Structure formats: structure tokens, C-alpha cells
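These notes are about the structure you will find just below.
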Amino acid sequence: MNARIAESFAEGIAPVTLPLRSHLDWLESEAIHILREVAGECANPVLFFSGGKDSIVLLRLAEKAFRPGKFPFPLLHIDTGHNFDEVIAFRDTRAAELGERLLVRSVEDSMKRGTVRLHKETDSRNAAQSVTLLEAVDEFGFDAAIGGARRDEEKARAKERVFSFRDEFGQWDPKNQRPELWNIYNTRVHKGEHMRVFPISNWTELDVWQYIEREGIAVPSLYFSHKRAVIRRNGLLVPVTRLTPPRAGETVEEVPVRFRTVGDITCTCPVESGAANTREIIAETVLTTVTERGATRMDDQTSDASMERRKKEGYF
Amino acid sequence: MTIMGEIERGSNTPSKSAAGNAVEQQDLGVLRFITAGSVDDGKSTLIGRLLHDTKTIFEDQLAAVTRASSKRGQEEIDLSLLTDGLEAEREQGITIDVAYRYFATPRRKFIIADTPGHEQYTRNMVTGASTAHAAIILVDARKGVLTQTRRHTYIAHLLGVRHIIVAVNKMDLVDHAQSVFDRIHADFLAFAGNLGIPDLRFIPMSALRGDMVVERGTGLAWYSGETLLQLLEGINVANDDDALPARFPVQLVVRPGTNTDFRGYAGRLESGVLRVGEEVVALPSGRHTTIKDIVLLDKKLPLAVAGDSVTLVLADEIDISRGDVIAAAATPPRSAKSIEARICWLSTDAPNAAGRFVLKHTSHSVKAKLARINDRIDINTFERQPTPAALAMNDIAHVTLSLAKPIFIDAYDSNRITGAFILIDETSNQTVAAGMIEA
Ligand SMILES: Nc1nc2c(ncn2[C@@H]2O[C@H](COP(=O)(O)OP(=O)(O)O)[C@@H](O)[C@H]2O)c(=O)[nH]1
């Protein structure tokens, strides 16, 4: 920590050297405060944990907020079934290490119930997650769901509150949001309604990596550079998987890549990179010229308003 | 520091991890600011300019904005489109709601609350200002100080924003004339000079050309002061809060039970400094004790400063629960069952007939009754109307509230956290007012 001299307010105490809070200290304190407000005010909260970097950071913040106590909420993964195996393994290991309860609800089950219908098996299940998620909220009666979304991810997110109200249909109404002042959060909901809570709203992709580096947090290895079979398609590197085979005439290449986000494998693309550790990722993030979603998501490019629509319908 | 050469993405916010390296010494934490101005004063252009010149805009964002600009038949790229988030906003070409933007320089991280300038959106500015350290008040050099300028300044000051920067924009349209800047400076001081703004600065600029925003540019050679970014980087916010008496609202009691007798109080130190060994008072019990440990996960800290989220372990077992406050023993907050406050009415509905609300203050809520509306200020004319019958959205009013139970308060102008509250309507669950305690 840095040092600075500050006058002590109390009489008789000599001027002291106080630590200066870095931007990560500030972000960390804010997020811990938010998590504790959820615990203090919400009857039945849950934390979305996918095994991705943002939710991994949330778990670290929850440790800081609640240890030596247990987390006052279970972890919940909405499983699309279109996963990177490694991320699922990481998810299970991390939950076990922490000794916290992990719930999994899957899009496959919603499909069996008939509440999710997809065109074909290889379609992205990103949007379908909303259905499964709302079913889980109903099933357990959650009144608050903590997620790792950040405002820098997408334009529609920039206007989202930290405590973001969802009506009984799970919908977000961007024009009718509660004003959020100081650090006083209005957490009240009627039965059937719930809150989405975003403790790392004010973090950027760079902040997340800097925090992972500072805290020495483990993340799945596909965030680091590795060789992967990919196809170059519309300026994106599409990983070759069982669900995303090469199309006729396309060439498969082995390229050193890393993932900036991990989501549904049918629509998450890695970026070309040799960054082998968090420090190198930070260096690349500082220099990068394309947003996290622009570089990696096949579904967000379609329309400027696609995220906003999905959010209104109950997406994360 | 020199700015121009250094603001490249390559030298953006340094890693904190390489403990003790030279770059890290410069991390001044976070500065939150708002931008306020009337429609067309150049607010969106300024924000676009700040993001662009600090290399925060990404190629795909720029491409999307370029596409959107040409779709609308505009020839130049409209930087203001970068900040229009919602479909309805794009359709109507206006900003509806407070949006938050981020950029960073090697010295600190910035959070901008982008608050719309339309008259009906006072509540958005109040919201954005509540967490802001600094406010940029935009003035169009051609128009000078307007009613809106006074209104925005008044709101920023009311919300306790200590650092106010008056940015005289569009200097390129008045031939960069120093006389125009000087006149606006004088006009501004004529109304704001006695408001008691602790830190007031003036800067001429052209957001469109980028002069004096991040770069000095070429048009304003007569101006020898700092650029806007230099001003923002230099604002010292830490000492503002550390110098106040300690206030630690308890959010949770951490008591893992069974095989440990650990009992800690989790919360955030909202102001002041707390050290291990220091005497504190717990309220409402009034019991005195000392701080045994300050804990953050596996670390024991010698002290906590304003803003730190920690867990306190106390020397004596006393009954403390969520909503209580642990405070500096010598200078505790005041207990009050009736408060006088300035509120901003945020709801489209008038106060409910019974005048009953839930008041949320730090980490606890109490039932409150609106006992009296003492006056109401018309934010457009600054006229004071005594004892109005009702309140409408955007009204700033002076009220008396009676509470079901005492709360522990400071005046807002001495503490922005323990002096603030919100009112919630229990039927709609809406946040209907923002309150600043006077006594
Ligand atoms: N000449 C000139 N025009 C400017 C300047 N700043 C903004 N403008 C223009 O003023 C108009 C309104 O700007 P905008 O940023 O949309 O204003 P807002 O309504 O306050 O967000 C646009 O046409 C801008 O290009 C400036 O410094 N000089």
C-alpha cells in the first residue's frame, strides 16, 4: 500500500501515516459492502456461479465479506449443457474447496419439460438460460440473485442499478428503475418479485484481471494461452467443437488462443494470444482495441439492442 | 505530471500486483464525477472526448457508432452516440437515465455518472451527484450562465459535492476569447460565490476539438492552468473522509458458532480512521469498549480508513446487531427521533395521504412519518414556497420527519453517509425521496 501523511482529527494524537486506497481496494470494499447488504436484507438470496472469471471474483469477495462464517447463500449454476468441460470441473472443485452448497439447474431439463424449445441442437442456448433461471428462482423462491455482470460490458448495462428490480415475470424495465443514491440500497420486493444484484458493476475487464492477479486467484486454464483448433469466420476465431464443426470449404487451424469470456460453447470465441499468465493478460487488456463481447460473442453483434431485449426478458 | 505523452493504452492503469514498484505509487484510487449541463451544451461530446482521448473507446464501439451515425444520415461520427444506451433513447435522440462510464489513467480510475440535462430529470442529477466527488458544470461559451447552470450548481452543492469544475465549452465558437471566459467566470461567482463551495475551478475548453480536455490543443494558448484531466487526476478525496469522526454502521454479525468463539461485526468504515486498541462506543446501547482486531479474511490490519470494508472484533462482549453503529467514543453521532431534512422528491406520485414511509439510513430502516413540509423550493425559479400542500417530482423541500425509533445521525454537510437517507413507499416499494439531514 502507498503511504500518505494525514492529520489525525482527534486531539492529542500525532499526525499519522495512513494507507492510500488503490482503485482495487475501493472496488473491493464497495463489492463487499453490497454483498453484506444482500445478506442483511434479503430473506433468500443466491449467487450465480458459472466457473467464469467474474463469478470466480465474486466468490473471493464473498469470502472477504463473510469468513470465518459460511456464505449466507447457496451457489447456483444455470447449465446450458454447452459447456467447456474444464469450466465445469473448475466449478465443482471451487465449490467443494469453499465448502459451500452448489445448485445446478439445466437448460436440458427445461427442454424436457417443454418450457425451452430450440430450433436445432446446435443453437446457442444463451437466451434459453433466462427460462431455466426464472424457473430456478421460482422453484427456490429466491428474492435476490447475485451476478457478476459489469456495466462496462455492454451499453444497456451501463444504466443498470446495483440492486436491479425484476417483476414477477423476471423482467427488467429500464425506464422504470429505482433511483439508487449513496450506498443506500432499496432491497424491497413483493412476493414473486426479485432483485438482481451486481456487486462488481463498477469493475472493468482490466480491473477484474488486476484483482485476480493481486489476489492470486485461480481461474480455468482456458483463460490462458493454449493451442486450439479454430476456424476464422467473420473476423472471429470459432473453436471447433462437437457443436461447431467446420463448414464446407473452411480450413481448420491450430492457433495459440485464450478466452476472454467463457459461455455457451456454440457462441463463445477465443482471441489469438500468447498470454500465459495473469500479468501478460493484463498487459494485453491494457492494449486491446476490441471490447470483451465484440471479440468473443457471436450473438451480440446481431443488433445493438440484442442485450437490452434479452435483459428485459429476464436474462442475467 | 505530463499528460499528453502518457495517456496511451500501453500505460493505462498499472498492475497493483507487482508490490512496491514505482508505477503503483501513483494509484490514487477512484474518482467519481458527474457532468451536468443543459441540452446541447456538449455533455455527451465531452464524455466521448474523455473516453476517446484516454483510449477507452474500442474499435468495435467506434464502428457501431459510425454505423449508427451514417444510418441517421450524419456525416461526422457523433461521439455522443457512444453514451446512448437504451433503444428508446436512440429512437428519441435523448438520454433517459443515469448511465455510468469508466476510464482509467496511470494515476486513477474514473467513474462518470452521465446524468441527463432535461429539466424533468432533476432526480437523475440528484442520484448521480449523491456518490460524486466532483461535478463538471458545462456552460456554453455563447450562452453564458443560464438558469440551468444555477440549478445544476445548486444541486451539486446541495448533494455535498466538494469539488466543482465550471467548464466553459465551445470556446472555438467565440474565437477562443479570454474576455468571454472571464465574463462567465465573473457571472458565475456572482451567484455562486457565497454558496460556500469548498473547491471551485474554472476551465475554458472545446470538447469538440478536444482543447483542454486531455490535450491542451492549440486554440487556448492564453490559458495556463491545468487541463480538465489534470484537474480530475489531482483532486484529493481521501482526506475529506478520513478526517471525520469514525462511523462504522454494522451490516452483519459474523458468528460462525460451533467450534469457534469468533464474534465479529462486519461493515464498512464510512468515515474516519479506526485503530486496534482504540476506544469506541456502540450505539444504541451506549456501551464503551476497545477494538481488539480488525480483520479482512486471513489478514489482521492495524487500522482501517474511511471506505474500508472490514470485520471488527471488540474487547468486550456487548449486544450489537445489524443497524447499530460503532463510533469514535469521543465524538459519537447524535440520537434523533425527529429530524429536519432537505429532501428531493423522486417519485411521479405525490406523497401518500398518510405520509408514512420506511426511512433507510446506513444499514437500517425505521418507520417514518412526514410530519411537516416546511417549504418547497422551485428548482427553476429558486422561489421558496412556505408550507406547500404536496410535493411533486423534482421538488426540493425542507421537511420534518418523526421516526418510530431513534437513529444515529450527523448533519449531511459534515458527513455524506451518516447524514443521508432515502424514503421508501411501503405499498409500491419505490424509492420516493432522497434526504439530507440538517439537524
Ligand atoms: N463548435 C463546438 N461544438 C460543440 C462543442 N462541444 C459540443 N459541440 C456540439 O454541440 C452539439 C451538442 O453536443 P452534445 O454533446 O450532443 O450535447 P449534450 O446535449 O449536452 O450531450 C453537437 O452538435 C456537438 O457537436 C465544442 O466545443 N465546440
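Residues are referred to by chain and number: the chain letter is A, B, ... according to the order shown in the C-alpha cells, the number counts from 1 in that chain, and ligands are numbered separately from 1 in the order shown.
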
Q | Selection: 9 Å around Leu423 (chain B), only C-alpha atoms, excl. self and same-chain fewer than 5 positions, as a PyMOL selection string | A | chain B and resi 357-360+368+430-435

Q | Site check for ligand 1: residues at most 6 Å away, only C-alpha atoms and all ligand atoms, as a ChimeraX atom specification | A | /B:37-45,80,169-170,172-173,206-208

Q: Would you mind listing what lies within 12 Å of Asp187 (chain B) as a VMD selection string, with only C-alpha atoms counted and same-chain residues fewer than 2 positions away left out?
A: chain B and resid 139 143 to 147 149 to 150 166 180 to 185 189 to 193 202

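With only C-alpha atoms as the basis for measurement, A:Leu287 is the residue among A:Ala43, A:Val107, A:Ala145, A:Leu287 that approaches chain B most closely.
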
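Nearest to Leu181 (chain A) of all the residues B:Gly219, B:Pro116, B:Gly128, B:Pro249 is B:Gly128, based on only C-alpha atoms.
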
Q: Within 10 Å of Ala135 (chain B), counting only C-alpha atoms, which residues show up once you throw out same-chain ones fewer than 6 positions away? Write them as a ChimeraX atom specification, please.
A: /B:32-36,112-113,128-129,152-153,156-157,161-167,200,232

Go ahead and dump the residues you just picked, N, CA, C and O atoms, as a CSV table (one decimal), in the first residue's frame.
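Listing of out_34.csv after writing:
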chain,number,residue,atom,x,y,z
B,32,ARG,N,-15.1,9.6,-8.6
B,32,ARG,CA,-16.4,9.6,-9.2
B,32,ARG,C,-16.8,11.0,-9.5
B,32,ARG,O,-16.7,11.9,-8.6
B,33,PHE,N,-17.3,11.3,-10.7
B,33,PHE,CA,-17.8,12.6,-11.0
B,33,PHE,C,-19.0,12.6,-11.9
B,33,PHE,O,-19.3,11.6,-12.5
B,34,ILE,N,-19.7,13.7,-11.9
B,34,ILE,CA,-20.9,13.8,-12.8
B,34,ILE,C,-20.6,15.0,-13.8
B,34,ILE,O,-19.8,15.9,-13.5
B,35,THR,N,-21.3,14.9,-14.9
B,35,THR,CA,-21.3,16.0,-15.8
B,35,THR,C,-22.7,16.6,-15.9
B,35,THR,O,-23.7,15.8,-16.0
B,36,ALA,N,-22.8,17.9,-15.8
B,36,ALA,CA,-24.1,18.5,-15.8
B,36,ALA,C,-24.1,19.6,-16.8
B,36,ALA,O,-23.1,20.4,-16.9
B,112,ILE,N,-17.7,8.0,-14.3
B,112,ILE,CA,-18.6,9.1,-14.7
B,112,ILE,C,-20.0,8.8,-14.5
B,112,ILE,O,-20.5,7.7,-15.0
B,113,ALA,N,-20.8,9.6,-13.8
B,113,ALA,CA,-22.3,9.4,-13.8
B,113,ALA,C,-22.8,10.4,-14.9
B,113,ALA,O,-22.6,11.6,-14.7
B,128,GLY,N,-27.1,10.9,-9.5
B,128,GLY,CA,-25.6,10.9,-9.9
B,128,GLY,C,-24.7,11.7,-8.9
B,128,GLY,O,-23.6,11.2,-8.6
B,129,ALA,N,-25.2,12.8,-8.4
B,129,ALA,CA,-24.4,13.6,-7.5
B,129,ALA,C,-24.2,13.0,-6.2
B,129,ALA,O,-23.2,13.3,-5.5
B,152,HIS,N,-28.0,23.4,-11.7
B,152,HIS,CA,-27.1,22.3,-11.6
B,152,HIS,C,-26.0,22.5,-10.5
B,152,HIS,O,-25.7,21.6,-9.8
B,153,THR,N,-25.6,23.8,-10.4
B,153,THR,CA,-24.6,24.1,-9.3
B,153,THR,C,-25.3,23.9,-8.0
B,153,THR,O,-24.7,23.3,-7.0
B,156,ALA,N,-25.6,20.2,-7.2
B,156,ALA,CA,-24.3,19.6,-6.9
B,156,ALA,C,-23.9,20.0,-5.5
B,156,ALA,O,-23.4,19.1,-4.7
B,157,HIS,N,-24.1,21.2,-5.1
B,157,HIS,CA,-23.7,21.7,-3.8
B,157,HIS,C,-24.6,21.1,-2.7
B,157,HIS,O,-24.1,20.7,-1.7
B,161,VAL,N,-21.3,17.8,-3.1
B,161,VAL,CA,-20.1,17.6,-4.0
B,161,VAL,C,-19.1,18.7,-3.7
B,161,VAL,O,-19.4,19.9,-3.9
B,162,ARG,N,-17.9,18.3,-3.2
B,162,ARG,CA,-17.0,19.4,-2.7
B,162,ARG,C,-16.2,20.0,-3.8
B,162,ARG,O,-15.7,21.1,-3.7
B,163,HIS,N,-16.0,19.3,-4.9
B,163,HIS,CA,-15.1,19.8,-6.0
B,163,HIS,C,-16.0,20.1,-7.2
B,163,HIS,O,-16.5,19.2,-7.9
B,164,ILE,N,-16.1,21.4,-7.5
B,164,ILE,CA,-16.9,21.8,-8.7
B,164,ILE,C,-16.1,22.5,-9.7
B,164,ILE,O,-15.3,23.4,-9.4
B,165,ILE,N,-16.2,21.9,-11.0
B,165,ILE,CA,-15.4,22.5,-12.1
B,165,ILE,C,-16.3,23.1,-13.1
B,165,ILE,O,-17.2,22.4,-13.6
B,166,VAL,N,-16.2,24.4,-13.3
B,166,VAL,CA,-17.0,25.0,-14.3
B,166,VAL,C,-16.3,25.0,-15.6
B,166,VAL,O,-15.2,25.6,-15.8
B,167,ALA,N,-16.8,24.2,-16.6
B,167,ALA,CA,-16.2,24.1,-17.9
B,167,ALA,C,-16.9,24.9,-18.9
B,167,ALA,O,-18.0,24.7,-19.3
B,200,LEU,N,-13.7,25.3,-6.0
B,200,LEU,CA,-14.3,25.7,-7.3
B,200,LEU,C,-13.3,26.1,-8.3
B,200,LEU,O,-12.4,26.9,-8.0
B,232,LEU,N,-8.8,16.6,-12.8
B,232,LEU,CA,-9.5,15.5,-12.2
B,232,LEU,C,-8.5,14.5,-11.5
B,232,LEU,O,-8.8,13.9,-10.5

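Excluding Lys367 (chain B) itself and same-chain residues fewer than 5 positions from it, the residues having an atom within 12 Å of it are B:Lys337, B:Ser338, B:Gly355, B:Arg356, B:Phe357, B:Val358, B:Leu359, B:Lys360, B:His361, B:Leu401, B:Ser402, B:Leu403, B:Ala404, B:Lys405, B:Pro406, B:Ile407, B:Ile422, B:Leu423, B:Ile424, B:Asp425, B:Glu426, counting only C-alpha atoms.
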
Take the residues from that selection and put them in a file with N, CA and C atoms, as a PDB file, in the first residue's frame.
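Output file result10.pdb follows:
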ATOM      1  N   LYS B 337     -35.056  11.251  17.171  1.00  0.00           N
ATOM      2  CA  LYS B 337     -36.331  10.606  16.834  1.00  0.00           C
ATOM      3  C   LYS B 337     -37.161  11.492  15.928  1.00  0.00           C
ATOM      4  N   SER B 338     -36.670  12.704  15.754  1.00  0.00           N
ATOM      5  CA  SER B 338     -37.327  13.638  14.849  1.00  0.00           C
ATOM      6  C   SER B 338     -36.216  14.345  14.094  1.00  0.00           C
ATOM      7  N   GLY B 355     -48.736   9.928   4.698  1.00  0.00           N
ATOM      8  CA  GLY B 355     -47.389  10.450   4.918  1.00  0.00           C
ATOM      9  C   GLY B 355     -46.488   9.458   5.631  1.00  0.00           C
ATOM     10  N   ARG B 356     -46.751   8.173   5.434  1.00  0.00           N
ATOM     11  CA  ARG B 356     -45.938   7.162   6.122  1.00  0.00           C
ATOM     12  C   ARG B 356     -44.984   6.462   5.143  1.00  0.00           C
ATOM     13  N   PHE B 357     -43.767   6.316   5.602  1.00  0.00           N
ATOM     14  CA  PHE B 357     -42.719   5.743   4.760  1.00  0.00           C
ATOM     15  C   PHE B 357     -41.813   4.856   5.582  1.00  0.00           C
ATOM     16  N   VAL B 358     -40.956   4.133   4.865  1.00  0.00           N
ATOM     17  CA  VAL B 358     -39.823   3.494   5.520  1.00  0.00           C
ATOM     18  C   VAL B 358     -38.618   4.372   5.216  1.00  0.00           C
ATOM     19  N   LEU B 359     -37.886   4.717   6.266  1.00  0.00           N
ATOM     20  CA  LEU B 359     -36.691   5.529   6.073  1.00  0.00           C
ATOM     21  C   LEU B 359     -35.489   4.606   6.195  1.00  0.00           C
ATOM     22  N   LYS B 360     -34.667   4.549   5.154  1.00  0.00           N
ATOM     23  CA  LYS B 360     -33.442   3.748   5.238  1.00  0.00           C
ATOM     24  C   LYS B 360     -32.245   4.674   5.386  1.00  0.00           C
ATOM     25  N   HIS B 361     -31.505   4.412   6.452  1.00  0.00           N
ATOM     26  CA  HIS B 361     -30.348   5.230   6.819  1.00  0.00           C
ATOM     27  C   HIS B 361     -29.220   4.256   7.114  1.00  0.00           C
ATOM     28  N   LEU B 401     -39.477  15.068   9.827  1.00  0.00           N
ATOM     29  CA  LEU B 401     -39.898  13.669   9.861  1.00  0.00           C
ATOM     30  C   LEU B 401     -39.865  13.179  11.304  1.00  0.00           C
ATOM     31  N   SER B 402     -40.915  12.460  11.702  1.00  0.00           N
ATOM     32  CA  SER B 402     -40.817  11.825  13.011  1.00  0.00           C
ATOM     33  C   SER B 402     -40.654  10.322  12.809  1.00  0.00           C
ATOM     34  N   LEU B 403     -39.817   9.727  13.644  1.00  0.00           N
ATOM     35  CA  LEU B 403     -39.414   8.344  13.452  1.00  0.00           C
ATOM     36  C   LEU B 403     -39.949   7.447  14.558  1.00  0.00           C
ATOM     37  N   ALA B 404     -40.189   6.185  14.226  1.00  0.00           N
ATOM     38  CA  ALA B 404     -40.694   5.235  15.215  1.00  0.00           C
ATOM     39  C   ALA B 404     -39.629   4.905  16.262  1.00  0.00           C
ATOM     40  N   LYS B 405     -38.375   4.980  15.862  1.00  0.00           N
ATOM     41  CA  LYS B 405     -37.263   4.686  16.777  1.00  0.00           C
ATOM     42  C   LYS B 405     -36.136   5.666  16.485  1.00  0.00           C
ATOM     43  N   PRO B 406     -35.320   5.969  17.466  1.00  0.00           N
ATOM     44  CA  PRO B 406     -34.223   6.908  17.185  1.00  0.00           C
ATOM     45  C   PRO B 406     -33.184   6.307  16.229  1.00  0.00           C
ATOM     46  N   ILE B 407     -32.566   7.189  15.427  1.00  0.00           N
ATOM     47  CA  ILE B 407     -31.431   6.772  14.612  1.00  0.00           C
ATOM     48  C   ILE B 407     -30.237   7.656  14.984  1.00  0.00           C
ATOM     49  N   ILE B 422     -32.879   7.533   2.454  1.00  0.00           N
ATOM     50  CA  ILE B 422     -33.898   7.503   1.405  1.00  0.00           C
ATOM     51  C   ILE B 422     -35.244   7.188   2.043  1.00  0.00           C
ATOM     52  N   LEU B 423     -36.323   7.614   1.398  1.00  0.00           N
ATOM     53  CA  LEU B 423     -37.662   7.241   1.833  1.00  0.00           C
ATOM     54  C   LEU B 423     -38.231   6.251   0.829  1.00  0.00           C
ATOM     55  N   ILE B 424     -38.833   5.192   1.364  1.00  0.00           N
ATOM     56  CA  ILE B 424     -39.418   4.153   0.517  1.00  0.00           C
ATOM     57  C   ILE B 424     -40.914   4.086   0.805  1.00  0.00           C
ATOM     58  N   ASP B 425     -41.715   4.042  -0.240  1.00  0.00           N
ATOM     59  CA  ASP B 425     -43.154   3.863  -0.071  1.00  0.00           C
ATOM     60  C   ASP B 425     -43.421   2.373   0.098  1.00  0.00           C
ATOM     61  N   GLU B 426     -44.057   2.019   1.197  1.00  0.00           N
ATOM     62  CA  GLU B 426     -44.204   0.602   1.517  1.00  0.00           C
ATOM     63  C   GLU B 426     -45.147  -0.143   0.584  1.00  0.00           C
TER      64      GLU B 426
END

Q: Could you give me, as number ranges by chain, each residue of region 239-386 of chain B that DSSP assigns to strand (DSSP E or B) when run on this structure's backbone?
A: B: 247-254, 264-268, 271, 273-275, 279-283, 287-296, 299-301, 303-305, 309-314, 325-328, 334-345, 356-361, 364-377, 384-386

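Comparing A:Glu213, A:Glu272, A:Asp264, A:Glu254 by their smallest distance to Asn126 (chain A), the closest is A:Asp264 (using only C-alpha atoms).
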
Q) In terms of the shortest atom-to-atom distance over only C-alpha atoms, which of B:Asn394, B:Gln230, B:Ser309, B:Ser224 is closest to Phe66 (chain A)? A) B:Ser309

Q | Near-region 286-303 of chain B list (8 Å; only C-alpha atoms; drop same-chain fewer than 3 positions) as a VMD selection string | A | (chain A and resid 63 to 65 67 to 68) or (chain B and resid 273 to 283 309 to 316 318 329)

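Residues surrounding Met393 (chain B) within 10 Å are Gln120, Tyr121, Thr122, Arg123, Cys344, Trp345, Leu346, Ser347, Thr348, Asp349, Ala350, Pro351, Ile396, Val432 and Ala433 of chain B [only C-alpha atoms; sequence separation below 3 positions excluded].
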
File dump, residues just selected, N, CA, C and O atoms, as a PDB file, in the first residue's frame:
ATOM      1  N   GLN B 120     -36.905  17.858 -16.645  1.00  0.00           N
ATOM      2  CA  GLN B 120     -37.688  16.925 -15.823  1.00  0.00           C
ATOM      3  C   GLN B 120     -36.817  15.885 -15.133  1.00  0.00           C
ATOM      4  O   GLN B 120     -37.307  15.035 -14.421  1.00  0.00           O
ATOM      5  N   TYR B 121     -35.495  15.965 -15.347  1.00  0.00           N
ATOM      6  CA  TYR B 121     -34.674  14.896 -14.814  1.00  0.00           C
ATOM      7  C   TYR B 121     -33.780  15.313 -13.657  1.00  0.00           C
ATOM      8  O   TYR B 121     -32.732  14.741 -13.443  1.00  0.00           O
ATOM      9  N   THR B 122     -34.239  16.307 -12.887  1.00  0.00           N
ATOM     10  CA  THR B 122     -33.512  16.694 -11.681  1.00  0.00           C
ATOM     11  C   THR B 122     -33.175  15.486 -10.823  1.00  0.00           C
ATOM     12  O   THR B 122     -32.090  15.361 -10.285  1.00  0.00           O
ATOM     13  N   ARG B 123     -34.149  14.561 -10.749  1.00  0.00           N
ATOM     14  CA  ARG B 123     -33.921  13.408  -9.887  1.00  0.00           C
ATOM     15  C   ARG B 123     -32.714  12.593 -10.359  1.00  0.00           C
ATOM     16  O   ARG B 123     -32.001  12.013  -9.553  1.00  0.00           O
ATOM     17  N   CYS B 344     -35.244  15.612  -1.762  1.00  0.00           N
ATOM     18  CA  CYS B 344     -35.612  15.758  -3.160  1.00  0.00           C
ATOM     19  C   CYS B 344     -36.657  14.697  -3.442  1.00  0.00           C
ATOM     20  O   CYS B 344     -36.425  13.504  -3.199  1.00  0.00           O
ATOM     21  N   TRP B 345     -37.811  15.131  -3.919  1.00  0.00           N
ATOM     22  CA  TRP B 345     -38.886  14.171  -4.202  1.00  0.00           C
ATOM     23  C   TRP B 345     -38.617  13.522  -5.554  1.00  0.00           C
ATOM     24  O   TRP B 345     -38.466  14.217  -6.567  1.00  0.00           O
ATOM     25  N   LEU B 346     -38.536  12.195  -5.577  1.00  0.00           N
ATOM     26  CA  LEU B 346     -38.081  11.492  -6.778  1.00  0.00           C
ATOM     27  C   LEU B 346     -39.207  10.808  -7.531  1.00  0.00           C
ATOM     28  O   LEU B 346     -39.025  10.340  -8.654  1.00  0.00           O
ATOM     29  N   SER B 347     -40.361  10.720  -6.902  1.00  0.00           N
ATOM     30  CA  SER B 347     -41.437   9.915  -7.463  1.00  0.00           C
ATOM     31  C   SER B 347     -42.386  10.750  -8.318  1.00  0.00           C
ATOM     32  O   SER B 347     -42.561  11.939  -8.080  1.00  0.00           O
ATOM     33  N   THR B 348     -43.001  10.083  -9.298  1.00  0.00           N
ATOM     34  CA  THR B 348     -44.027  10.766 -10.094  1.00  0.00           C
ATOM     35  C   THR B 348     -45.318  10.924  -9.286  1.00  0.00           C
ATOM     36  O   THR B 348     -46.154  11.752  -9.611  1.00  0.00           O
ATOM     37  N   ASP B 349     -45.470  10.103  -8.234  1.00  0.00           N
ATOM     38  CA  ASP B 349     -46.650  10.226  -7.374  1.00  0.00           C
ATOM     39  C   ASP B 349     -46.358  11.165  -6.214  1.00  0.00           C
ATOM     40  O   ASP B 349     -45.239  11.208  -5.711  1.00  0.00           O
ATOM     41  N   ALA B 350     -47.384  11.888  -5.769  1.00  0.00           N
ATOM     42  CA  ALA B 350     -47.249  12.720  -4.576  1.00  0.00           C
ATOM     43  C   ALA B 350     -47.108  11.814  -3.358  1.00  0.00           C
ATOM     44  O   ALA B 350     -47.426  10.623  -3.430  1.00  0.00           O
ATOM     45  N   PRO B 351     -46.621  12.342  -2.236  1.00  0.00           N
ATOM     46  CA  PRO B 351     -46.519  11.522  -1.027  1.00  0.00           C
ATOM     47  C   PRO B 351     -47.872  10.900  -0.673  1.00  0.00           C
ATOM     48  O   PRO B 351     -48.903  11.544  -0.853  1.00  0.00           O
ATOM     49  N   ILE B 396     -37.507  20.173  -4.362  1.00  0.00           N
ATOM     50  CA  ILE B 396     -36.571  20.152  -3.242  1.00  0.00           C
ATOM     51  C   ILE B 396     -37.324  20.812  -2.090  1.00  0.00           C
ATOM     52  O   ILE B 396     -37.799  21.938  -2.234  1.00  0.00           O
ATOM     53  N   VAL B 432     -38.882   6.967  -3.025  1.00  0.00           N
ATOM     54  CA  VAL B 432     -39.631   8.160  -3.398  1.00  0.00           C
ATOM     55  C   VAL B 432     -38.909   9.466  -3.055  1.00  0.00           C
ATOM     56  O   VAL B 432     -39.241  10.512  -3.597  1.00  0.00           O
ATOM     57  N   ALA B 433     -37.930   9.409  -2.160  1.00  0.00           N
ATOM     58  CA  ALA B 433     -37.229  10.647  -1.831  1.00  0.00           C
ATOM     59  C   ALA B 433     -35.803  10.369  -1.395  1.00  0.00           C
ATOM     60  O   ALA B 433     -35.494   9.295  -0.879  1.00  0.00           O
TER      61      ALA B 433
END

Q. Where in region 79-144 of chain A does DSSP assign helix (DSSP H, G or I), given as a ChimeraX atom specification?
A. /A:85-98,107-113,129-140
